[in-house]
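Shown next, in structure tokens, is the structure this report addresses.
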Amino acid sequence: MDTGNTAFIIICTALVFIMTPGLGFFYGGLGRRKNVVSNMMNSVSIMGLGIVLWCLIGYTMAFGGEGLFIGGFSKLGLAGITKDSLSGSLPEFVFVAFQMMFALITPAIITGSLAGRMKFKALFPFIALWSIVVYYPLAHMVWGDGGLLGSGWLDSVDFAGGNVVHISSGVSGLVVCLLLGKRYGYELHSYRIHNIPFVMLGMALLWFGWFGFNAGSALEANGLAAHAFVTTAISAAAAMLAWMAMDVFFSRKPTLIGACTGVVAGLVGITPAAGFVPIWAAFVIGFLVSPVCYGGILLIKKKLKIDDSLDAFGCHGIGGIFGGLMTGLFADPAVNETAGLVFGNAAQLGRQALAIAISIAVAVVGSLLCAGIVRAFTTLRVEKKHELTGLDISEHGENAYPAYNGLD
């Protein structure tokens, strides 16, 4: 056991943990006043559900052995792991805990596409099923021993979760929001952001935690972790500036919401690439991912009229796809062995594209299956009167601002 690596990854684990409540603030602020409790509860409840599921069945499915699709079931309930068990130079419990935090934030991202109209008693079992059907197998296929998309066949690369976290959650959110349909009055009402300071706080917690998310994915306190830390900072900052520039160009004024959204887009875009691309590529990825996501959001909402409520697919799905392709383009063998197209390996870009296509297929099929199972027991969408009243009262019996009587 390496005590320095262990201490570093424990700290990174705590940083990644704070991202899920941070996402709760981000989504809570972006949504309408009558749904802030609901949007936050979606993230908070997953913190409980996700930890229990991961320790019971998730870890063994993802990392419990070698296989193309799952790791096996030898470590159900963390069986056989002791304080002396090692994963590389780390105590295995540290690796369990670090990967567990990814299993929390990923399904929480999905809820941004469903905000304001999905029943909590449908969402909760959907997230449980989705974790088992989509997330755990996909985590193994990308990162596990002998996984289909990694060492087992394709040899694609994903440093910290472009496929596993962002594409899977963004695409799944899009699928379920299409199943649910638009919010009532979607094309008639102006959906104003109700609490911009919450959005800024959520962004800050996400960015703070993301350093652990990406740097910790080196799984050692070494130069690669430091490299991933710096590429993460650069991409997020460049994406923020790019989004601010678009705000000025299209609306004549920079907005705090735009700056915060740009940061998230930049963080998503660099996630699969953080430990593979050179420093200069982080600038390119950051400056380009914002206009790509901005255009994607306009296409989804304005042209296709899809109600991706809080832009989970627009930022995470599109940003994750973009980042995965940029990894295949800019991966530098001087950073981390793998070479991309720019460094003479055109095949890597093809591998990345195929891995993205397979990840999308897994997310689409898995989400439809999970939604179909839940539908057999309850409707997915709340009643119209409850949606109009707000999910805070109808689903949770709470009011975030009981003394406030202003307009949404």
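Chain lettering (A, B, ...) mirrors the order of the structure tokens, residue numbering begins at 1 for each chain separately, and ligand numbering begins at 1 in order of display.
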
Quick one: residues within 7 Å of segment 80-92 of chain A, only C-alpha atoms counted, chain neighbours fewer than 3 positions away excluded, as a VMD selection string?
-> chain A and resid 1 to 2 5 to 6 75 95 to 96

Could you list, as an mmCIF file with C-alpha atoms, in the first residue's frame, every residue within 10 Å of Asn195 of chain A, counting only C-alpha atoms and ignoring same-chain residues fewer than 3 positions away?
```cif
data_model
loop_
_atom_site.group_PDB
_atom_site.id
_atom_site.type_symbol
_atom_site.label_atom_id
_atom_site.label_comp_id
_atom_site.auth_asym_id
_atom_site.auth_seq_id
_atom_site.Cartn_x
_atom_site.Cartn_y
_atom_site.Cartn_z
ATOM 1 C CA PHE A 25 -28.078 23.284 -6.048
ATOM 2 C CA PHE A 26 -27.368 23.737 -9.766
ATOM 3 C CA TYR A 27 -30.600 22.052 -10.844
ATOM 4 C CA GLY A 28 -32.566 23.554 -7.949
ATOM 5 C CA GLY A 29 -31.592 27.053 -9.018
ATOM 6 C CA LEU A 30 -32.202 26.450 -12.727
ATOM 7 C CA GLY A 31 -35.727 25.126 -12.239
ATOM 8 C CA ARG A 32 -38.906 26.914 -11.228
ATOM 9 C CA ARG A 33 -39.564 28.021 -7.652
ATOM 10 C CA VAL A 36 -36.797 23.515 -6.227
ATOM 11 C CA ARG A 192 -37.543 31.826 -15.799
ATOM 12 C CA PHE A 198 -28.032 28.699 -6.297
ATOM 13 C CA VAL A 199 -26.814 28.027 -9.833
ATOM 14 C CA MET A 200 -23.522 29.784 -9.117
#
```

DSSP helix (DSSP H, G or I) residues within segment 155-371 of chain A, as a compact mmCIF listing (two decimals) with C-alpha atoms, in the first residue's frame:
```
# COMPACT_ATOMS: atom_id res chain seq x y z
CA GLY A 162 -17.08 10.70 -21.01
CA ASN A 163 -18.89 7.51 -22.03
CA VAL A 164 -19.56 6.08 -18.59
CA VAL A 165 -20.86 9.24 -16.92
CA HIS A 166 -21.86 11.96 -19.37
CA ILE A 167 -22.99 10.19 -22.53
CA SER A 168 -24.88 7.52 -20.59
CA SER A 169 -26.71 10.04 -18.40
CA GLY A 170 -27.30 12.67 -21.07
CA VAL A 171 -28.68 10.20 -23.63
CA SER A 172 -30.81 8.46 -21.01
CA GLY A 173 -32.23 11.79 -19.90
CA LEU A 174 -33.16 12.58 -23.50
CA VAL A 175 -34.87 9.20 -23.94
CA VAL A 176 -37.00 9.54 -20.82
CA CYS A 177 -37.91 13.18 -21.44
CA LEU A 178 -39.23 12.09 -24.86
CA LEU A 179 -41.27 9.37 -23.16
CA LEU A 180 -42.68 11.88 -20.67
CA ILE A 196 -29.26 32.38 -9.97
CA PRO A 197 -27.14 32.39 -6.76
CA PHE A 198 -28.03 28.70 -6.30
CA VAL A 199 -26.81 28.03 -9.83
CA MET A 200 -23.52 29.78 -9.12
CA LEU A 201 -23.09 27.85 -5.85
CA GLY A 202 -23.82 24.59 -7.63
CA MET A 203 -21.30 25.41 -10.36
CA ALA A 204 -18.65 26.21 -7.77
CA LEU A 205 -19.18 22.91 -5.96
CA LEU A 206 -19.16 21.00 -9.25
CA TRP A 207 -15.92 22.64 -10.42
CA PHE A 208 -14.31 22.10 -7.01
CA GLY A 209 -15.33 18.44 -6.98
CA TRP A 210 -14.37 17.93 -10.62
CA PHE A 211 -10.69 18.38 -9.76
CA GLY A 212 -10.99 15.21 -7.68
CA PHE A 213 -13.11 13.60 -10.39
CA ASN A 214 -10.47 14.03 -13.12
CA ALA A 215 -7.18 14.19 -11.22
CA GLY A 216 -8.20 11.28 -9.00
CA SER A 217 -8.84 9.13 -12.06
CA ALA A 218 -5.05 8.76 -12.36
CA GLY A 223 2.43 13.75 -12.63
CA LEU A 224 -0.53 12.40 -14.61
CA ALA A 225 -2.90 13.48 -11.83
CA ALA A 226 -1.34 16.95 -11.89
CA HIS A 227 -1.66 17.06 -15.68
CA ALA A 228 -5.36 16.12 -15.47
CA PHE A 229 -5.88 18.80 -12.81
CA VAL A 230 -4.43 21.50 -15.07
CA THR A 231 -6.25 20.41 -18.24
CA THR A 232 -9.48 20.41 -16.23
CA ALA A 233 -8.92 23.97 -15.04
CA ILE A 234 -7.98 25.22 -18.51
CA SER A 235 -10.90 23.65 -20.35
CA ALA A 236 -13.47 24.91 -17.83
CA ALA A 237 -12.04 28.43 -17.90
CA ALA A 238 -11.81 28.56 -21.70
CA ALA A 239 -15.37 27.26 -22.04
CA MET A 240 -16.62 29.90 -19.61
CA LEU A 241 -15.02 32.68 -21.68
CA ALA A 242 -16.41 31.20 -24.89
CA TRP A 243 -19.96 31.09 -23.49
CA MET A 244 -19.65 34.65 -22.21
CA ALA A 245 -18.53 35.73 -25.68
CA MET A 246 -21.58 34.06 -27.21
CA ASP A 247 -23.83 35.83 -24.70
CA VAL A 248 -22.32 39.17 -25.70
CA PHE A 249 -22.58 38.37 -29.41
CA PHE A 250 -26.21 37.19 -29.31
CA SER A 251 -27.65 39.15 -26.37
CA LEU A 256 -23.87 34.65 -14.86
CA ILE A 257 -26.02 31.73 -16.02
CA GLY A 258 -24.07 31.61 -19.28
CA ALA A 259 -20.73 31.71 -17.46
CA CYS A 260 -21.82 28.87 -15.13
CA THR A 261 -23.17 26.78 -18.01
CA GLY A 262 -19.94 27.30 -19.93
CA VAL A 263 -17.91 26.01 -16.99
CA VAL A 264 -19.99 22.82 -16.83
CA ALA A 265 -19.68 22.32 -20.60
CA GLY A 266 -15.92 22.72 -20.38
CA LEU A 267 -15.67 20.24 -17.52
CA VAL A 268 -17.76 17.69 -19.40
CA GLY A 269 -15.74 18.12 -22.60
CA ILE A 270 -12.36 17.55 -20.92
CA ILE A 279 -2.08 21.22 -22.45
CA TRP A 280 -2.68 23.12 -25.69
CA ALA A 281 -5.51 20.72 -26.59
CA ALA A 282 -7.32 21.61 -23.35
CA PHE A 283 -7.58 25.20 -24.61
CA VAL A 284 -9.00 23.96 -27.92
CA ILE A 285 -11.50 21.62 -26.27
CA GLY A 286 -12.67 24.33 -23.86
CA PHE A 287 -13.09 27.05 -26.47
CA LEU A 288 -14.96 24.72 -28.85
CA VAL A 289 -17.20 22.74 -26.49
CA SER A 290 -19.25 25.81 -25.50
CA PRO A 291 -20.42 26.70 -29.03
CA VAL A 292 -21.03 22.99 -29.71
CA CYS A 293 -23.25 22.64 -26.62
CA TYR A 294 -24.86 26.05 -27.21
CA GLY A 295 -25.81 25.01 -30.72
CA GLY A 296 -27.02 21.64 -29.49
CA ILE A 297 -29.29 23.24 -26.90
CA LEU A 298 -30.75 25.60 -29.53
CA LEU A 299 -31.33 22.66 -31.89
CA ILE A 300 -33.01 20.54 -29.22
CA LYS A 301 -35.20 23.26 -27.73
CA LYS A 302 -35.87 25.68 -30.55
CA LYS A 303 -35.88 23.49 -33.65
CA ALA A 312 -28.84 17.52 -19.25
CA PHE A 313 -28.49 16.16 -22.77
CA GLY A 314 -27.53 19.52 -24.23
CA CYS A 315 -24.53 19.84 -21.89
CA HIS A 316 -23.63 16.33 -20.76
CA GLY A 317 -24.69 14.22 -23.71
CA ILE A 318 -23.40 16.51 -26.44
CA GLY A 319 -20.38 17.62 -24.41
CA GLY A 320 -19.47 14.01 -23.61
CA ILE A 321 -19.69 12.97 -27.27
CA PHE A 322 -17.56 15.95 -28.29
CA GLY A 323 -14.97 15.23 -25.60
CA GLY A 324 -14.71 11.57 -26.56
CA LEU A 325 -14.07 12.46 -30.19
CA MET A 326 -11.50 15.09 -29.20
CA THR A 327 -9.70 12.42 -27.18
CA GLY A 328 -9.37 10.34 -30.33
CA LEU A 329 -8.12 13.40 -32.16
CA PHE A 330 -5.63 14.89 -29.68
CA PRO A 333 1.47 9.31 -26.33
CA ALA A 334 3.87 11.58 -24.43
CA VAL A 335 1.09 12.19 -21.91
CA ASN A 336 -0.38 8.71 -21.48
CA LEU A 341 -5.19 11.20 -35.08
CA VAL A 342 -3.04 14.32 -34.71
CA PHE A 343 -0.18 12.13 -33.45
CA ALA A 346 -6.17 7.61 -37.14
CA ALA A 347 -7.58 4.31 -35.87
CA GLN A 348 -7.98 5.75 -32.37
CA LEU A 349 -10.54 8.28 -33.57
CA GLY A 350 -12.51 5.42 -35.10
CA ARG A 351 -12.30 3.48 -31.84
CA GLN A 352 -13.59 6.47 -29.91
CA ALA A 353 -16.49 6.97 -32.33
CA LEU A 354 -17.48 3.31 -32.13
CA ALA A 355 -17.26 3.32 -28.33
CA ILE A 356 -19.53 6.39 -28.26
CA ALA A 357 -22.03 4.70 -30.58
CA ILE A 358 -22.09 1.57 -28.39
CA SER A 359 -22.48 3.67 -25.24
CA ILE A 360 -25.41 5.52 -26.80
CA ALA A 361 -27.04 2.21 -27.79
CA VAL A 362 -26.62 0.81 -24.27
CA ALA A 363 -28.13 3.97 -22.77
CA VAL A 364 -31.10 4.05 -25.18
CA VAL A 365 -31.99 0.37 -24.92
CA GLY A 366 -31.36 0.24 -21.18
CA SER A 367 -33.43 3.36 -20.48
CA LEU A 368 -36.36 2.10 -22.54
CA LEU A 369 -36.21 -1.24 -20.72
CA CYS A 370 -36.09 0.37 -17.28
CA ALA A 371 -38.89 2.82 -18.10
```

Please measure the separation of atom CA of Gly24 of chain A and atom CA of Ser43 of chain A, giving the value in Å to one decimal.
->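 Pair atom CA of Gly24 of chain A / atom CA of Ser43 of chain A returns 5.3 Å.
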
So that each row is one residue of segment 31-83 of chain A with an atom at most 12 Å from segment 141-149 of chain A, can you give its shortest atom pair and the distance in Å to one decimal, using only C-alpha atoms, rows by chain and rising number, as JSON lines?
```
{"residue": "A:Tyr59", "atom": "CA", "partner": "A:Gly144", "partner_atom": "CA", "distance": 10.4}
{"residue": "A:Thr60", "atom": "CA", "partner": "A:Gly144", "partner_atom": "CA", "distance": 10.4}
{"residue": "A:Met61", "atom": "CA", "partner": "A:Gly144", "partner_atom": "CA", "distance": 9.3}
{"residue": "A:Ala62", "atom": "CA", "partner": "A:Gly144", "partner_atom": "CA", "distance": 6.2}
{"residue": "A:Phe63", "atom": "CA", "partner": "A:Gly144", "partner_atom": "CA", "distance": 5.5}
{"residue": "A:Gly64", "atom": "CA", "partner": "A:Gly144", "partner_atom": "CA", "distance": 8.4}
{"residue": "A:Gly65", "atom": "CA", "partner": "A:Asp145", "partner_atom": "CA", "distance": 6.7}
{"residue": "A:Glu66", "atom": "CA", "partner": "A:Asp145", "partner_atom": "CA", "distance": 4.8}
{"residue": "A:Gly67", "atom": "CA", "partner": "A:Gly146", "partner_atom": "CA", "distance": 5.2}
{"residue": "A:Leu68", "atom": "CA", "partner": "A:Gly147", "partner_atom": "CA", "distance": 4.4}
{"residue": "A:Phe69", "atom": "CA", "partner": "A:Met141", "partner_atom": "CA", "distance": 5.5}
{"residue": "A:Ile70", "atom": "CA", "partner": "A:Met141", "partner_atom": "CA", "distance": 7.0}
{"residue": "A:Gly71", "atom": "CA", "partner": "A:Gly144", "partner_atom": "CA", "distance": 6.9}
{"residue": "A:Gly72", "atom": "CA", "partner": "A:Gly144", "partner_atom": "CA", "distance": 10.7}
```

Write the residues of the preceding selection, restricted to N, CA and C atoms, as a PDB file, in the first residue's frame.
```pdb
ATOM      1  N   TYR A  59     -20.459  -2.615  -7.310  1.00  0.00           N
ATOM      2  CA  TYR A  59     -19.010  -2.782  -7.389  1.00  0.00           C
ATOM      3  C   TYR A  59     -18.635  -4.129  -7.995  1.00  0.00           C
ATOM      4  N   THR A  60     -19.319  -5.171  -7.592  1.00  0.00           N
ATOM      5  CA  THR A  60     -18.972  -6.494  -8.133  1.00  0.00           C
ATOM      6  C   THR A  60     -19.290  -6.584  -9.619  1.00  0.00           C
ATOM      7  N   MET A  61     -20.402  -5.955 -10.065  1.00  0.00           N
ATOM      8  CA  MET A  61     -20.724  -5.978 -11.489  1.00  0.00           C
ATOM      9  C   MET A  61     -19.699  -5.206 -12.318  1.00  0.00           C
ATOM     10  N   ALA A  62     -19.186  -4.114 -11.761  1.00  0.00           N
ATOM     11  CA  ALA A  62     -18.250  -3.278 -12.506  1.00  0.00           C
ATOM     12  C   ALA A  62     -16.803  -3.767 -12.392  1.00  0.00           C
ATOM     13  N   PHE A  63     -16.398  -4.205 -11.193  1.00  0.00           N
ATOM     14  CA  PHE A  63     -14.978  -4.491 -10.960  1.00  0.00           C
ATOM     15  C   PHE A  63     -14.739  -5.810 -10.225  1.00  0.00           C
ATOM     16  N   GLY A  64     -15.711  -6.696 -10.252  1.00  0.00           N
ATOM     17  CA  GLY A  64     -15.587  -7.944  -9.502  1.00  0.00           C
ATOM     18  C   GLY A  64     -14.928  -9.080 -10.249  1.00  0.00           C
ATOM     19  N   GLY A  65     -14.376  -8.838 -11.416  1.00  0.00           N
ATOM     20  CA  GLY A  65     -13.737  -9.900 -12.182  1.00  0.00           C
ATOM     21  C   GLY A  65     -13.542  -9.473 -13.619  1.00  0.00           C
ATOM     22  N   GLU A  66     -13.213 -10.426 -14.472  1.00  0.00           N
ATOM     23  CA  GLU A  66     -12.924 -10.151 -15.865  1.00  0.00           C
ATOM     24  C   GLU A  66     -14.059 -10.635 -16.756  1.00  0.00           C
ATOM     25  N   GLY A  67     -14.426  -9.831 -17.737  1.00  0.00           N
ATOM     26  CA  GLY A  67     -15.479 -10.203 -18.682  1.00  0.00           C
ATOM     27  C   GLY A  67     -15.729  -9.072 -19.641  1.00  0.00           C
ATOM     28  N   LEU A  68     -16.426  -9.360 -20.729  1.00  0.00           N
ATOM     29  CA  LEU A  68     -16.710  -8.323 -21.721  1.00  0.00           C
ATOM     30  C   LEU A  68     -17.742  -7.320 -21.238  1.00  0.00           C
ATOM     31  N   PHE A  69     -18.754  -7.804 -20.503  1.00  0.00           N
ATOM     32  CA  PHE A  69     -19.908  -6.955 -20.175  1.00  0.00           C
ATOM     33  C   PHE A  69     -20.048  -6.643 -18.692  1.00  0.00           C
ATOM     34  N   ILE A  70     -19.769  -7.576 -17.807  1.00  0.00           N
ATOM     35  CA  ILE A  70     -19.797  -7.313 -16.367  1.00  0.00           C
ATOM     36  C   ILE A  70     -18.625  -8.024 -15.708  1.00  0.00           C
ATOM     37  N   GLY A  71     -18.327  -7.612 -14.488  1.00  0.00           N
ATOM     38  CA  GLY A  71     -17.200  -8.187 -13.784  1.00  0.00           C
ATOM     39  C   GLY A  71     -17.502  -9.460 -13.032  1.00  0.00           C
ATOM     40  N   GLY A  72     -18.776  -9.747 -12.828  1.00  0.00           N
ATOM     41  CA  GLY A  72     -19.142 -10.959 -12.094  1.00  0.00           C
ATOM     42  C   GLY A  72     -19.807 -10.635 -10.768  1.00  0.00           C
TER      43      GLY A  72
END
```

Pick from A:Leu104, A:Ile46, A:Ile51, A:Leu123 nearest to Arg375 of chain A, counting only C-alpha atoms | A:Leu123

Point-to-point distance in Å for atom CA of Ala331 of chain A and atom CA of Val277 of chain A =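 These atoms are spaced 4.5 Å apart.
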
Can you list, as a VMD selection string, every protein, DNA or RNA residue that comes within 9 Å of Ile105 of chain A when you count only C-alpha atoms, leaving out same-chain residues fewer than 6 positions away?
-> chain A and resid 16 to 17 19 to 21 23 43 46 to 47 50 165

If you measure from atom CA of Ser309 of chain A to atom CA of Phe98 of chain A, what distance in Å do you get, rounded to one decimal?
->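 Computing it gives 29.6 Å between the two atoms.
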
Pick out each residue of segment 4-174 of chain A that DSSP on the backbone tags as strand (DSSP E); I need them as a list in words.
-> Leu86, Ser87, Leu90 and Pro91 of chain A

Would you mind telling me which residue in A:Leu154, A:Met118, A:Leu78, A:Ala274 lies nearest to Glu383 of chain A when using only C-alpha atoms?
-> A:Met118

List the spatial neighbours of Gly116 of chain A as a CSV table (one decimal) with N, CA and C atoms, in the first residue's frame - criterion: any atom at most 10 Å away, only C-alpha atoms, same-chain residues fewer than 5 positions off excluded.
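The resulting around.csv:
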```
chain,number,residue,atom,x,y,z
A,31,GLY,N,-34.3,25.4,-12.1
A,31,GLY,CA,-35.7,25.1,-12.2
A,31,GLY,C,-36.6,26.2,-11.7
A,32,ARG,N,-37.9,25.9,-11.7
A,32,ARG,CA,-38.9,26.9,-11.2
A,32,ARG,C,-39.0,26.8,-9.7
A,34,LYS,N,-41.5,26.5,-7.7
A,34,LYS,CA,-42.4,25.5,-7.2
A,34,LYS,C,-41.8,24.1,-7.3
A,35,ASN,N,-40.6,23.9,-7.9
A,35,ASN,CA,-40.0,22.6,-8.1
A,35,ASN,C,-38.6,22.5,-7.5
A,36,VAL,N,-38.2,23.5,-6.7
A,36,VAL,CA,-36.8,23.5,-6.2
A,36,VAL,C,-36.5,22.4,-5.3
A,38,SER,N,-38.1,19.5,-5.2
A,38,SER,CA,-38.1,18.3,-6.0
A,38,SER,C,-36.8,18.1,-6.7
A,39,ASN,N,-36.3,19.2,-7.4
A,39,ASN,CA,-35.1,19.1,-8.1
A,39,ASN,C,-33.9,18.7,-7.2
A,111,THR,N,-31.7,13.4,-14.0
A,111,THR,CA,-32.9,14.1,-13.5
A,111,THR,C,-33.1,15.5,-14.0
A,182,LYS,N,-43.6,17.0,-23.2
A,182,LYS,CA,-43.3,18.3,-22.8
A,182,LYS,C,-44.1,18.7,-21.5
A,183,ARG,N,-43.5,19.6,-20.8
A,183,ARG,CA,-44.3,20.2,-19.7
A,183,ARG,C,-45.5,21.0,-20.2
A,184,TYR,N,-46.6,21.0,-19.5
A,184,TYR,CA,-47.8,21.8,-19.9
A,184,TYR,C,-47.4,23.2,-20.1
A,309,SER,N,-35.5,19.6,-19.9
A,309,SER,CA,-35.8,20.7,-19.0
A,309,SER,C,-34.6,21.6,-18.6
A,310,LEU,N,-33.6,21.0,-18.0
A,310,LEU,CA,-32.4,21.7,-17.5
A,310,LEU,C,-31.1,21.4,-18.3
A,381,ARG,N,-45.5,10.0,-15.3
A,381,ARG,CA,-45.6,11.4,-15.2
A,381,ARG,C,-46.7,11.8,-14.1
A,382,VAL,N,-46.5,12.9,-13.5
A,382,VAL,CA,-47.5,13.3,-12.5
A,382,VAL,C,-48.7,13.8,-13.2
A,386,HIS,N,-51.1,18.4,-10.5
A,386,HIS,CA,-49.9,18.4,-9.6
A,386,HIS,C,-48.7,19.1,-10.3
A,387,GLU,N,-48.6,18.9,-11.6
A,387,GLU,CA,-47.5,19.6,-12.3
A,387,GLU,C,-47.7,21.1,-12.3
A,388,LEU,N,-49.0,21.5,-12.4
A,388,LEU,CA,-49.2,23.0,-12.4
A,388,LEU,C,-49.0,23.5,-11.0
A,390,GLY,N,-47.0,22.3,-8.7
A,390,GLY,CA,-45.6,22.1,-8.4
A,390,GLY,C,-45.3,20.8,-7.7
A,391,LEU,N,-44.1,20.2,-8.0
A,391,LEU,CA,-43.8,18.9,-7.4
A,391,LEU,C,-43.4,19.0,-6.0
A,392,ASP,N,-43.0,20.2,-5.5
A,392,ASP,CA,-42.6,20.4,-4.1
A,392,ASP,C,-43.7,20.0,-3.2
```

Choose the residue, out of A:Phe126, A:Glu398, A:Ala221, A:Glu187, that has the smallest atom-to-atom separation from Ala7 of chain A; count only C-alpha atoms.
->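 Residue with the minimum atom-to-atom distance to Ala7 of chain A: A:Ala221.
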